[in-house]
$ cat work.cif   # mmCIF, C-alpha atoms and all ligand atoms
data_query
#
loop_
_atom_site.label_atom_id
_atom_site.label_comp_id
_atom_site.auth_asym_id
_atom_site.auth_seq_id
_atom_site.Cartn_x
_atom_site.Cartn_y
_atom_site.Cartn_z
CA MET A 1303 -17.41 -10.37 -12.57
CA SER A 1304 -14.36 -8.13 -12.17
CA TYR A 1305 -11.13 -8.06 -14.16
CA ASN A 1306 -7.93 -8.55 -12.19
CA LEU A 1307 -4.37 -7.82 -13.29
CA ALA A 1308 -1.68 -9.05 -10.88
CA ILE A 1309 1.86 -7.62 -10.95
CA ASP A 1310 4.52 -9.18 -8.75
CA GLY A 1311 8.24 -8.67 -8.52
CA PRO A 1312 11.14 -7.63 -6.30
CA ALA A 1313 11.70 -4.19 -4.75
CA GLY A 1314 12.58 -1.49 -7.24
CA ALA A 1315 11.47 -3.35 -10.38
CA GLY A 1316 9.16 -0.45 -11.26
CA LYS A 1317 5.93 -2.20 -10.28
CA SER A 1318 4.10 0.79 -8.83
CA THR A 1319 5.06 3.23 -11.61
CA ILE A 1320 3.98 0.75 -14.28
CA ALA A 1321 0.88 -0.48 -12.42
CA LYS A 1322 -0.34 3.11 -11.95
CA LYS A 1323 0.03 3.90 -15.66
CA VAL A 1324 -1.62 0.67 -16.75
CA ALA A 1325 -4.50 1.16 -14.32
CA LYS A 1326 -5.09 4.69 -15.59
CA LYS A 1327 -5.20 3.53 -19.22
CA LEU A 1328 -7.59 0.69 -18.40
CA SER A 1329 -9.68 2.79 -15.98
CA PHE A 1330 -9.04 0.15 -13.30
CA ILE A 1331 -8.33 0.84 -9.63
CA TYR A 1332 -4.64 0.60 -8.69
CA VAL A 1333 -4.05 -1.29 -5.44
CA ASP A 1334 -0.55 -0.94 -3.93
CA THR A 1335 -0.36 -3.83 -1.44
CA GLY A 1336 3.18 -2.95 -0.32
CA ALA A 1337 1.69 0.25 1.14
CA MET A 1338 -0.55 -1.88 3.37
CA TYR A 1339 2.43 -3.84 4.75
CA ARG A 1340 4.29 -0.55 5.23
CA ALA A 1341 1.35 0.88 7.21
CA MET A 1342 1.29 -2.23 9.42
CA GLY A 1343 5.06 -1.81 9.92
CA ILE A 1344 4.54 1.80 11.03
CA PHE A 1345 1.87 0.67 13.49
CA PHE A 1346 4.30 -1.72 15.21
CA CYS A 1347 7.13 0.86 15.11
CA ASP A 1348 4.89 3.45 16.79
CA LEU A 1349 4.13 0.89 19.51
CA ASN A 1350 7.87 0.26 19.93
CA ILE A 1351 7.42 -3.37 18.98
CA GLY A 1352 10.51 -4.84 17.31
CA SER A 1353 10.20 -6.75 14.02
CA ASP A 1354 11.36 -9.97 15.74
CA GLU A 1355 8.68 -9.90 18.47
CA GLU A 1356 6.23 -12.26 16.78
CA GLU A 1357 3.98 -12.80 19.79
CA LYS A 1358 3.44 -9.08 20.38
CA ILE A 1359 2.93 -8.48 16.66
CA SER A 1360 0.32 -11.24 16.33
CA GLU A 1361 -1.50 -9.91 19.38
CA ALA A 1362 -1.42 -6.30 18.15
CA CYS A 1363 -2.90 -7.39 14.80
CA SER A 1364 -6.33 -7.55 16.41
CA LYS A 1365 -6.02 -3.84 17.28
CA VAL A 1366 -5.14 -2.58 13.83
CA GLU A 1367 -7.53 -1.51 11.11
CA ILE A 1368 -6.14 -0.69 7.67
CA GLN A 1369 -8.47 1.07 5.25
CA ILE A 1370 -7.91 2.15 1.68
CA ALA A 1371 -9.54 5.14 0.03
CA TYR A 1372 -8.92 7.03 -3.22
CA GLU A 1373 -8.43 10.78 -3.56
CA ASN A 1374 -8.11 12.04 -7.15
CA GLY A 1375 -7.26 8.48 -8.14
CA GLU A 1376 -4.37 8.27 -5.62
CA GLN A 1377 -4.44 5.50 -3.03
CA GLN A 1378 -4.63 6.74 0.57
CA VAL A 1379 -3.87 4.37 3.44
CA PHE A 1380 -5.59 4.84 6.79
CA LEU A 1381 -4.16 3.27 9.92
CA ASN A 1382 -6.81 3.12 12.63
CA GLY A 1383 -8.57 6.06 10.99
CA VAL A 1384 -5.43 8.20 10.46
CA ASN A 1385 -4.10 8.87 6.97
CA VAL A 1386 -0.45 7.63 7.03
CA THR A 1387 0.18 7.80 3.27
CA GLY A 1388 2.89 10.47 3.70
CA ARG A 1389 4.91 8.23 6.05
CA LEU A 1390 5.02 5.11 3.88
CA ARG A 1391 7.83 5.63 1.39
CA THR A 1392 10.93 5.67 3.64
CA GLU A 1393 13.59 2.92 3.56
CA GLU A 1394 12.80 2.28 7.22
CA ALA A 1395 9.11 1.61 6.50
CA GLY A 1396 10.09 -0.63 3.56
CA ASN A 1397 12.47 -2.73 5.64
CA MET A 1398 10.03 -2.97 8.54
CA ALA A 1399 7.28 -4.03 6.09
CA SER A 1400 9.52 -6.74 4.66
CA SER A 1401 10.43 -7.99 8.17
CA ILE A 1402 6.88 -8.16 9.55
CA SER A 1403 5.38 -9.58 6.33
CA ILE A 1404 6.68 -13.02 7.33
CA TYR A 1405 4.07 -13.39 10.10
CA PRO A 1406 0.84 -15.30 9.36
CA GLU A 1407 -1.43 -12.93 11.35
CA VAL A 1408 -0.16 -9.93 9.39
CA ARG A 1409 -0.63 -11.62 6.02
CA LYS A 1410 -4.05 -13.04 6.89
CA LYS A 1411 -5.40 -9.62 7.71
CA LEU A 1412 -4.07 -7.90 4.59
CA VAL A 1413 -4.74 -10.70 2.10
CA GLU A 1414 -8.41 -10.71 3.13
CA LEU A 1415 -8.68 -6.97 2.53
CA GLN A 1416 -6.95 -7.34 -0.86
CA LYS A 1417 -9.20 -10.20 -1.98
CA ASN A 1418 -12.31 -8.19 -1.07
CA MET A 1419 -11.13 -5.19 -3.08
CA ALA A 1420 -10.47 -7.30 -6.17
CA ALA A 1421 -13.80 -9.12 -5.92
CA SER A 1422 -15.83 -5.96 -6.24
CA ASP A 1423 -13.71 -3.85 -8.65
CA ASN A 1424 -11.53 -4.11 -11.73
CA VAL A 1425 -8.04 -3.80 -10.27
CA VAL A 1426 -4.37 -3.67 -11.13
CA MET A 1427 -2.81 -4.97 -7.92
CA ASP A 1428 0.93 -5.10 -7.28
CA GLY A 1429 2.96 -6.85 -4.59
CA ARG A 1430 4.89 -10.07 -3.99
CA ASP A 1431 2.19 -12.79 -3.75
CA ILE A 1432 -0.64 -11.39 -5.86
CA GLY A 1433 -0.51 -13.91 -8.71
CA THR A 1434 0.34 -16.83 -6.43
CA ALA A 1435 -1.81 -16.30 -3.30
CA VAL A 1436 -4.08 -13.24 -3.37
CA LEU A 1437 -5.55 -13.47 -6.88
CA PRO A 1438 -4.68 -16.92 -8.23
CA SER A 1439 -7.50 -16.57 -10.79
CA ALA A 1440 -6.40 -13.18 -12.15
CA GLN A 1441 -6.94 -13.07 -15.92
CA LEU A 1442 -3.48 -11.57 -16.42
CA LYS A 1443 -0.37 -12.01 -14.27
CA ILE A 1444 2.94 -10.25 -14.80
CA TYR A 1445 6.26 -10.98 -13.07
CA LEU A 1446 8.26 -7.78 -13.34
CA THR A 1447 11.94 -7.74 -12.56
CA ALA A 1448 15.29 -6.10 -13.37
CA SER A 1449 18.89 -6.79 -12.36
CA THR A 1450 19.86 -5.82 -8.81
CA HIS A 1451 22.31 -3.26 -10.18
CA VAL A 1452 19.73 -1.58 -12.42
CA ARG A 1453 17.19 -1.46 -9.57
CA ALA A 1454 19.76 0.10 -7.24
CA LEU A 1455 20.74 2.62 -9.90
CA ARG A 1456 17.09 3.62 -10.40
CA ARG A 1457 16.68 4.16 -6.66
CA TRP A 1458 19.94 6.14 -6.49
CA ASN A 1459 18.78 8.38 -9.38
CA GLU A 1460 15.42 8.89 -7.68
CA LEU A 1461 17.11 10.03 -4.44
CA ASN A 1462 19.64 12.13 -6.36
CA ALA A 1463 16.83 13.95 -8.19
CA LYS A 1464 15.39 14.84 -4.79
CA GLY A 1465 18.79 16.19 -3.70
CA ILE A 1466 19.33 13.31 -1.25
CA GLU A 1467 22.90 11.99 -1.16
CA SER A 1468 23.19 8.20 -1.02
CA ASN A 1469 25.63 5.38 -1.60
CA LEU A 1470 24.97 3.11 -4.58
CA ASP A 1471 26.72 0.07 -3.05
CA ALA A 1472 24.71 0.42 0.17
CA ILE A 1473 21.44 0.66 -1.80
CA GLU A 1474 22.39 -2.43 -3.83
CA ALA A 1475 23.19 -4.38 -0.65
CA ASP A 1476 19.89 -3.29 0.90
CA ILE A 1477 17.94 -4.42 -2.18
CA ALA A 1478 19.73 -7.79 -2.17
CA ASP A 1479 18.85 -8.26 1.53
CA ARG A 1480 15.20 -7.40 0.93
CA ASP A 1481 15.03 -9.75 -2.10
CA TYR A 1482 16.45 -12.56 0.02
CA ARG A 1483 13.92 -12.01 2.82
CA ASP A 1484 10.96 -11.67 0.44
CA MET A 1485 11.93 -14.77 -1.58
CA HIS A 1486 12.82 -17.03 1.34
CA ARG A 1487 10.04 -16.46 3.87
CA GLU A 1488 7.87 -19.44 4.69
CA ILE A 1489 4.43 -18.06 3.75
CA SER A 1490 3.76 -16.86 0.22
CA PRO A 1491 7.36 -16.00 -0.69
CA LEU A 1492 7.97 -13.89 -3.76
CA CYS A 1493 8.05 -16.16 -6.80
CA GLN A 1494 6.76 -16.16 -10.33
CA ALA A 1495 3.33 -17.76 -10.71
CA GLU A 1496 3.38 -20.57 -13.26
CA ASP A 1497 1.01 -18.71 -15.55
CA ALA A 1498 2.65 -15.27 -15.17
CA VAL A 1499 4.31 -13.45 -18.05
CA PHE A 1500 7.98 -12.74 -17.20
CA LEU A 1501 9.23 -9.23 -18.04
CA ASP A 1502 12.83 -8.18 -17.38
CA THR A 1503 12.76 -4.38 -17.52
CA SER A 1504 16.53 -3.83 -17.17
CA ASP A 1505 16.78 -2.57 -20.75
CA MET A 1506 13.23 -1.30 -21.22
CA THR A 1507 11.75 2.16 -20.76
CA ILE A 1508 8.65 2.72 -18.62
CA ASP A 1509 6.58 3.33 -21.76
CA GLN A 1510 7.82 0.12 -23.41
CA VAL A 1511 6.84 -1.94 -20.36
CA THR A 1512 3.47 -0.19 -20.06
CA ASP A 1513 2.69 -0.77 -23.75
CA LYS A 1514 3.65 -4.44 -23.50
CA ILE A 1515 1.32 -4.99 -20.55
CA LEU A 1516 -1.51 -3.07 -22.25
CA GLU A 1517 -1.06 -5.28 -25.32
CA LEU A 1518 -1.41 -8.39 -23.14
CA ALA A 1519 -4.39 -6.86 -21.32
CA ALA A 1520 -6.17 -6.22 -24.62
CA GLU A 1521 -5.80 -9.93 -25.44
CA ARG A 1522 -6.98 -11.19 -22.05
CA PHE A 1523 -9.72 -8.69 -21.06
CA HIS A 1524 -12.33 -8.85 -23.75
O1 LIG A 1601 6.42 -3.12 -2.63
P1 LIG A 1601 6.98 -2.49 -1.34
O2 LIG A 1601 8.44 -2.20 -1.40
O3 LIG A 1601 6.17 -1.30 -0.93
O4 LIG A 1601 6.73 -3.63 -0.22
C1 LIG A 1601 7.27 -3.52 1.08
C2 LIG A 1601 7.41 -4.90 1.68
O5 LIG A 1601 6.12 -5.43 1.99
C3 LIG A 1601 8.09 -5.95 0.82
O6 LIG A 1601 9.48 -5.93 0.97
C4 LIG A 1601 7.48 -7.25 1.31
C5 LIG A 1601 6.11 -6.85 1.80
N1 LIG A 1601 5.04 -7.21 0.85
C6 LIG A 1601 4.56 -8.50 0.90
O7 LIG A 1601 5.06 -9.32 1.67
N2 LIG A 1601 3.53 -8.86 0.10
C7 LIG A 1601 2.98 -8.00 -0.76
N3 LIG A 1601 1.94 -8.38 -1.52
C8 LIG A 1601 3.48 -6.67 -0.83
C9 LIG A 1601 4.53 -6.31 -0.03
#

$ encode --input "work.cif" --output "structure tokens" --more "lines below"
Ligand code: DC
Amino acid sequence: MSYNLAIDGPAGAGKSTIAKKVAKKLSFIYVDTGAMYRAMGIFFCDLNIGSDEEEKISEACSKVEIQIAYENGEQQVFLNGVNVTGRLRTEEAGNMASSISIYPEVRKKLVELQKNMAASDNVVMDGRDIGTAVLPSAQLKIYLTASTHVRALRRWNELNAKGIESNLDAIEADIADRDYRDMHREISPLCQAEDAVFLDTSDMTIDQVTDKILELAAERFH
């Protein structure tokens, strides 16, 4: 039997930072499912398929193979054998991922891969539908969120630290758009699983959130 920790929440809530830290402490594998949707998004972009072309997207799904590997504990995403990890973190890839994640063929493919990974290994998996659809039997589920303003501010600070100029209002509007799409799609929309622990991180530090989740993990994973 494997131990599964599911972390869901909206864009910019700090899921991946927290999930990585928690996974390291627990010696679990960290699975970033958003990266898989981003890789699929890149595949369709490279084929010049628009995010609204459902028929073409569903058809192209049979020609795409996503594989996950780990190098020094860091997740690497392979798209038809090519490592695309370096291309995943742009706003464009994030928006494309959100737009194409509404299609059943896309979700079917990735959810199957995610379920297989969690069946064979102890994982901390983050995304939008992990506690509700991918790992409904996870021993611990967390719903991680923060106010839209705080999430936008975190993103703005991140870009600023990299010397990239950006507009806070535009980032906030983009986050609100993405939240709306992720929470209102027909299949597996982002929502808190009934048995998930709700954590609003607006006024918490990364270490406080990590410690809280580790405390809960110690109770649930014997
Ligand atoms: O977590 P992220 O920003 O990397 O995710 C990008 C998009 O992928 C997100 O806006 C919606 C989609 N996604 C999803 O539908 N289901 C998941 N489990 C993870 C991500």

$ closest_residue --input "work.cif" --among "A:Ser1401, A:Asn1382, A:Thr1392, A:Thr1319" --to "Ser1353 in chain A" --atoms "only C-alpha atoms"
A:Ser1401

$ residues_near_ligand --input "work.cif" --ligand "ligand LIG 1601 (chain A)" --cutoff "7 Å" --atoms "all atoms listed in the file" --output "PyMOL selection string"
chain A and resi 1313+1335-1337+1339-1340+1396-1397+1399-1400+1403-1404+1428-1432+1480+1484

$ closest_residue --input "work.cif" --among "A:Met1338, A:Met1398, A:Val1426, A:Ala1475" --to "Val1386 in chain A" --atoms "all atoms listed in the file"
A:Met1338

$ atom_distance --input "work.cif" --atom1 "CA of Phe1346 in chain A" --atom2 "CA of Ala1371 in chain A"
21.7 Å

$ atom_distance --input "work.cif" --atom1 "CA of Pro1312 in chain A" --atom2 "CA of Leu1446 in chain A"
7.6 Å

$ residues_around --input "work.cif" --residues "Met1506 in chain A" --least-positions-apart "6" --cutoff "12 Å" --atoms "all atoms listed in the file" --output "MDAnalysis selection string"
chainID A and resid 1315:1316 1320 1446:1449 1452 1512:1514

$ residues_around --input "work.cif" --residues "Val1366 in chain A" --least-positions-apart "5" --cutoff "9 Å" --atoms "only C-alpha atoms" --output "ChimeraX atom specification"
/A:1342,1345,1381-1382

$ closest_residue --input "work.cif" --among "A:Glu1393, A:Ile1331, A:Gln1510, A:Gln1378" --to "Leu1461 in chain A" --atoms "all atoms listed in the file"
A:Glu1393

$ closest_residue --input "work.cif" --among "A:Leu1501, A:Ile1515, A:Val1408, A:Leu1442" --to "Asn1424 in chain A" --atoms "only C-alpha atoms"
A:Leu1442

$ closest_residue --input "work.cif" --among "A:Met1303, A:Val1333, A:Leu1518, A:Val1324" --to "Met1419 in chain A" --atoms "all atoms listed in the file"
A:Val1333

$ atom_distance --input "work.cif" --atom1 "CA of Gly1375 in chain A" --atom2 "CA of Asp1310 in chain A"
21.2 Å

$ residues_around --input "work.cif" --residues "Ile1370 in chain A" --least-positions-apart "2" --cutoff "8 Å" --atoms "all atoms listed in the file" --output "VMD selection string"
chain A and resid 1368 1372 1377 to 1380

$ closest_residue --input "work.cif" --among "A:Ala1325, A:Ile1444, A:Ala1420, A:Ile1477" --to "Asp1497 in chain A" --atoms "all atoms listed in the file"
A:Ile1444

$ residues_around --input "work.cif" --residues "Glu1460 in chain A" --least-positions-apart "5" --cutoff "12 Å" --atoms "only C-alpha atoms" --output "list in words"
Gly1314, Gly1316, Arg1453, Ala1454, Leu1455, Gly1465, Ile1466, Glu1467, Ser1468, Leu1470 and Ile1473 of chain A

$ axis_aligned_box --input "work.cif" --around "range 1440-1448 of chain A" --padding-each-side "6 Å" --output "lines of an AutoDock Vina configuration file"
center_x = 4.2
center_y = -9.6
center_z = -14.3
size_x = 34.2
size_y = 19.1
size_z = 16.3

$ build_atoms --input "work.cif" --residues "range 1314-1340 of chain A" --atoms "N, CA, C and O atoms" --output "PDB file, keeping the file's coordinate frame"
ATOM      1  N   GLY A1314      11.886  -2.352  -6.287  1.00  0.00           N
ATOM      2  CA  GLY A1314      12.580  -1.490  -7.240  1.00  0.00           C
ATOM      3  C   GLY A1314      12.474  -1.926  -8.692  1.00  0.00           C
ATOM      4  O   GLY A1314      13.158  -1.378  -9.558  1.00  0.00           O
ATOM      5  N   ALA A1315      11.599  -2.885  -8.993  1.00  0.00           N
ATOM      6  CA  ALA A1315      11.470  -3.350 -10.380  1.00  0.00           C
ATOM      7  C   ALA A1315      10.626  -2.381 -11.211  1.00  0.00           C
ATOM      8  O   ALA A1315      10.531  -2.519 -12.430  1.00  0.00           O
ATOM      9  N   GLY A1316       9.993  -1.428 -10.540  1.00  0.00           N
ATOM     10  CA  GLY A1316       9.160  -0.450 -11.260  1.00  0.00           C
ATOM     11  C   GLY A1316       7.682  -0.797 -11.220  1.00  0.00           C
ATOM     12  O   GLY A1316       6.883  -0.241 -11.979  1.00  0.00           O
ATOM     13  N   LYS A1317       7.316  -1.720 -10.327  1.00  0.00           N
ATOM     14  CA  LYS A1317       5.930  -2.200 -10.280  1.00  0.00           C
ATOM     15  C   LYS A1317       4.912  -1.064 -10.120  1.00  0.00           C
ATOM     16  O   LYS A1317       3.948  -0.986 -10.865  1.00  0.00           O
ATOM     17  N   SER A1318       5.139  -0.204  -9.112  1.00  0.00           N
ATOM     18  CA  SER A1318       4.100   0.790  -8.830  1.00  0.00           C
ATOM     19  C   SER A1318       3.984   1.828  -9.941  1.00  0.00           C
ATOM     20  O   SER A1318       2.866   2.205 -10.320  1.00  0.00           O
ATOM     21  N   THR A1319       5.107   2.253 -10.505  1.00  0.00           N
ATOM     22  CA  THR A1319       5.060   3.230 -11.610  1.00  0.00           C
ATOM     23  C   THR A1319       4.274   2.653 -12.782  1.00  0.00           C
ATOM     24  O   THR A1319       3.380   3.298 -13.343  1.00  0.00           O
ATOM     25  N   ILE A1320       4.609   1.414 -13.137  1.00  0.00           N
ATOM     26  CA  ILE A1320       3.980   0.750 -14.280  1.00  0.00           C
ATOM     27  C   ILE A1320       2.503   0.456 -13.980  1.00  0.00           C
ATOM     28  O   ILE A1320       1.619   0.728 -14.802  1.00  0.00           O
ATOM     29  N   ALA A1321       2.259  -0.088 -12.784  1.00  0.00           N
ATOM     30  CA  ALA A1321       0.880  -0.480 -12.420  1.00  0.00           C
ATOM     31  C   ALA A1321      -0.041   0.745 -12.447  1.00  0.00           C
ATOM     32  O   ALA A1321      -1.175   0.662 -12.921  1.00  0.00           O
ATOM     33  N   LYS A1322       0.460   1.876 -11.963  1.00  0.00           N
ATOM     34  CA  LYS A1322      -0.340   3.110 -11.950  1.00  0.00           C
ATOM     35  C   LYS A1322      -0.710   3.520 -13.369  1.00  0.00           C
ATOM     36  O   LYS A1322      -1.852   3.871 -13.652  1.00  0.00           O
ATOM     37  N   LYS A1323       0.268   3.485 -14.268  1.00  0.00           N
ATOM     38  CA  LYS A1323       0.030   3.900 -15.660  1.00  0.00           C
ATOM     39  C   LYS A1323      -0.963   2.965 -16.352  1.00  0.00           C
ATOM     40  O   LYS A1323      -1.868   3.391 -17.044  1.00  0.00           O
ATOM     41  N   VAL A1324      -0.752   1.663 -16.122  1.00  0.00           N
ATOM     42  CA  VAL A1324      -1.620   0.670 -16.750  1.00  0.00           C
ATOM     43  C   VAL A1324      -3.053   0.829 -16.232  1.00  0.00           C
ATOM     44  O   VAL A1324      -4.012   0.814 -16.999  1.00  0.00           O
ATOM     45  N   ALA A1325      -3.177   1.025 -14.924  1.00  0.00           N
ATOM     46  CA  ALA A1325      -4.500   1.160 -14.320  1.00  0.00           C
ATOM     47  C   ALA A1325      -5.224   2.387 -14.888  1.00  0.00           C
ATOM     48  O   ALA A1325      -6.420   2.329 -15.200  1.00  0.00           O
ATOM     49  N   LYS A1326      -4.497   3.458 -15.065  1.00  0.00           N
ATOM     50  CA  LYS A1326      -5.090   4.690 -15.590  1.00  0.00           C
ATOM     51  C   LYS A1326      -5.624   4.451 -17.004  1.00  0.00           C
ATOM     52  O   LYS A1326      -6.750   4.814 -17.329  1.00  0.00           O
ATOM     53  N   LYS A1327      -4.803   3.805 -17.824  1.00  0.00           N
ATOM     54  CA  LYS A1327      -5.200   3.530 -19.220  1.00  0.00           C
ATOM     55  C   LYS A1327      -6.428   2.625 -19.282  1.00  0.00           C
ATOM     56  O   LYS A1327      -7.280   2.775 -20.149  1.00  0.00           O
ATOM     57  N   LEU A1328      -6.481   1.662 -18.371  1.00  0.00           N
ATOM     58  CA  LEU A1328      -7.590   0.690 -18.400  1.00  0.00           C
ATOM     59  C   LEU A1328      -8.805   1.182 -17.616  1.00  0.00           C
ATOM     60  O   LEU A1328      -9.835   0.519 -17.625  1.00  0.00           O
ATOM     61  N   SER A1329      -8.649   2.301 -16.912  1.00  0.00           N
ATOM     62  CA  SER A1329      -9.680   2.790 -15.980  1.00  0.00           C
ATOM     63  C   SER A1329      -9.978   1.744 -14.899  1.00  0.00           C
ATOM     64  O   SER A1329     -11.142   1.519 -14.545  1.00  0.00           O
ATOM     65  N   PHE A1330      -8.937   1.091 -14.416  1.00  0.00           N
ATOM     66  CA  PHE A1330      -9.040   0.150 -13.300  1.00  0.00           C
ATOM     67  C   PHE A1330      -8.552   0.865 -12.036  1.00  0.00           C
ATOM     68  O   PHE A1330      -7.861   1.885 -12.124  1.00  0.00           O
ATOM     69  N   ILE A1331      -8.854   0.295 -10.883  1.00  0.00           N
ATOM     70  CA  ILE A1331      -8.330   0.840  -9.630  1.00  0.00           C
ATOM     71  C   ILE A1331      -6.942   0.249  -9.397  1.00  0.00           C
ATOM     72  O   ILE A1331      -6.736  -0.955  -9.576  1.00  0.00           O
ATOM     73  N   TYR A1332      -5.986   1.094  -9.005  1.00  0.00           N
ATOM     74  CA  TYR A1332      -4.640   0.600  -8.690  1.00  0.00           C
ATOM     75  C   TYR A1332      -4.557   0.306  -7.191  1.00  0.00           C
ATOM     76  O   TYR A1332      -4.821   1.177  -6.365  1.00  0.00           O
ATOM     77  N   VAL A1333      -4.202  -0.923  -6.857  1.00  0.00           N
ATOM     78  CA  VAL A1333      -4.050  -1.290  -5.440  1.00  0.00           C
ATOM     79  C   VAL A1333      -2.584  -1.613  -5.158  1.00  0.00           C
ATOM     80  O   VAL A1333      -2.033  -2.592  -5.676  1.00  0.00           O
ATOM     81  N   ASP A1334      -1.951  -0.773  -4.321  1.00  0.00           N
ATOM     82  CA  ASP A1334      -0.550  -0.940  -3.930  1.00  0.00           C
ATOM     83  C   ASP A1334      -0.541  -1.713  -2.606  1.00  0.00           C
ATOM     84  O   ASP A1334      -0.764  -1.142  -1.544  1.00  0.00           O
ATOM     85  N   THR A1335      -0.278  -3.030  -2.673  1.00  0.00           N
ATOM     86  CA  THR A1335      -0.360  -3.830  -1.440  1.00  0.00           C
ATOM     87  C   THR A1335       0.851  -3.627  -0.539  1.00  0.00           C
ATOM     88  O   THR A1335       0.763  -3.799   0.673  1.00  0.00           O
ATOM     89  N   GLY A1336       1.990  -3.233  -1.133  1.00  0.00           N
ATOM     90  CA  GLY A1336       3.180  -2.950  -0.320  1.00  0.00           C
ATOM     91  C   GLY A1336       2.871  -1.845   0.686  1.00  0.00           C
ATOM     92  O   GLY A1336       3.343  -1.882   1.835  1.00  0.00           O
ATOM     93  N   ALA A1337       2.063  -0.879   0.267  1.00  0.00           N
ATOM     94  CA  ALA A1337       1.690   0.250   1.140  1.00  0.00           C
ATOM     95  C   ALA A1337       0.952  -0.251   2.384  1.00  0.00           C
ATOM     96  O   ALA A1337       1.087   0.316   3.470  1.00  0.00           O
ATOM     97  N   MET A1338       0.187  -1.334   2.218  1.00  0.00           N
ATOM     98  CA  MET A1338      -0.550  -1.880   3.370  1.00  0.00           C
ATOM     99  C   MET A1338       0.423  -2.515   4.375  1.00  0.00           C
ATOM    100  O   MET A1338       0.282  -2.350   5.581  1.00  0.00           O
ATOM    101  N   TYR A1339       1.425  -3.238   3.854  1.00  0.00           N
ATOM    102  CA  TYR A1339       2.430  -3.840   4.750  1.00  0.00           C
ATOM    103  C   TYR A1339       3.256  -2.745   5.417  1.00  0.00           C
ATOM    104  O   TYR A1339       3.647  -2.860   6.578  1.00  0.00           O
ATOM    105  N   ARG A1340       3.537  -1.675   4.658  1.00  0.00           N
ATOM    106  CA  ARG A1340       4.290  -0.550   5.230  1.00  0.00           C
ATOM    107  C   ARG A1340       3.498   0.094   6.364  1.00  0.00           C
ATOM    108  O   ARG A1340       4.061   0.440   7.411  1.00  0.00           O
TER     109      ARG A1340
END
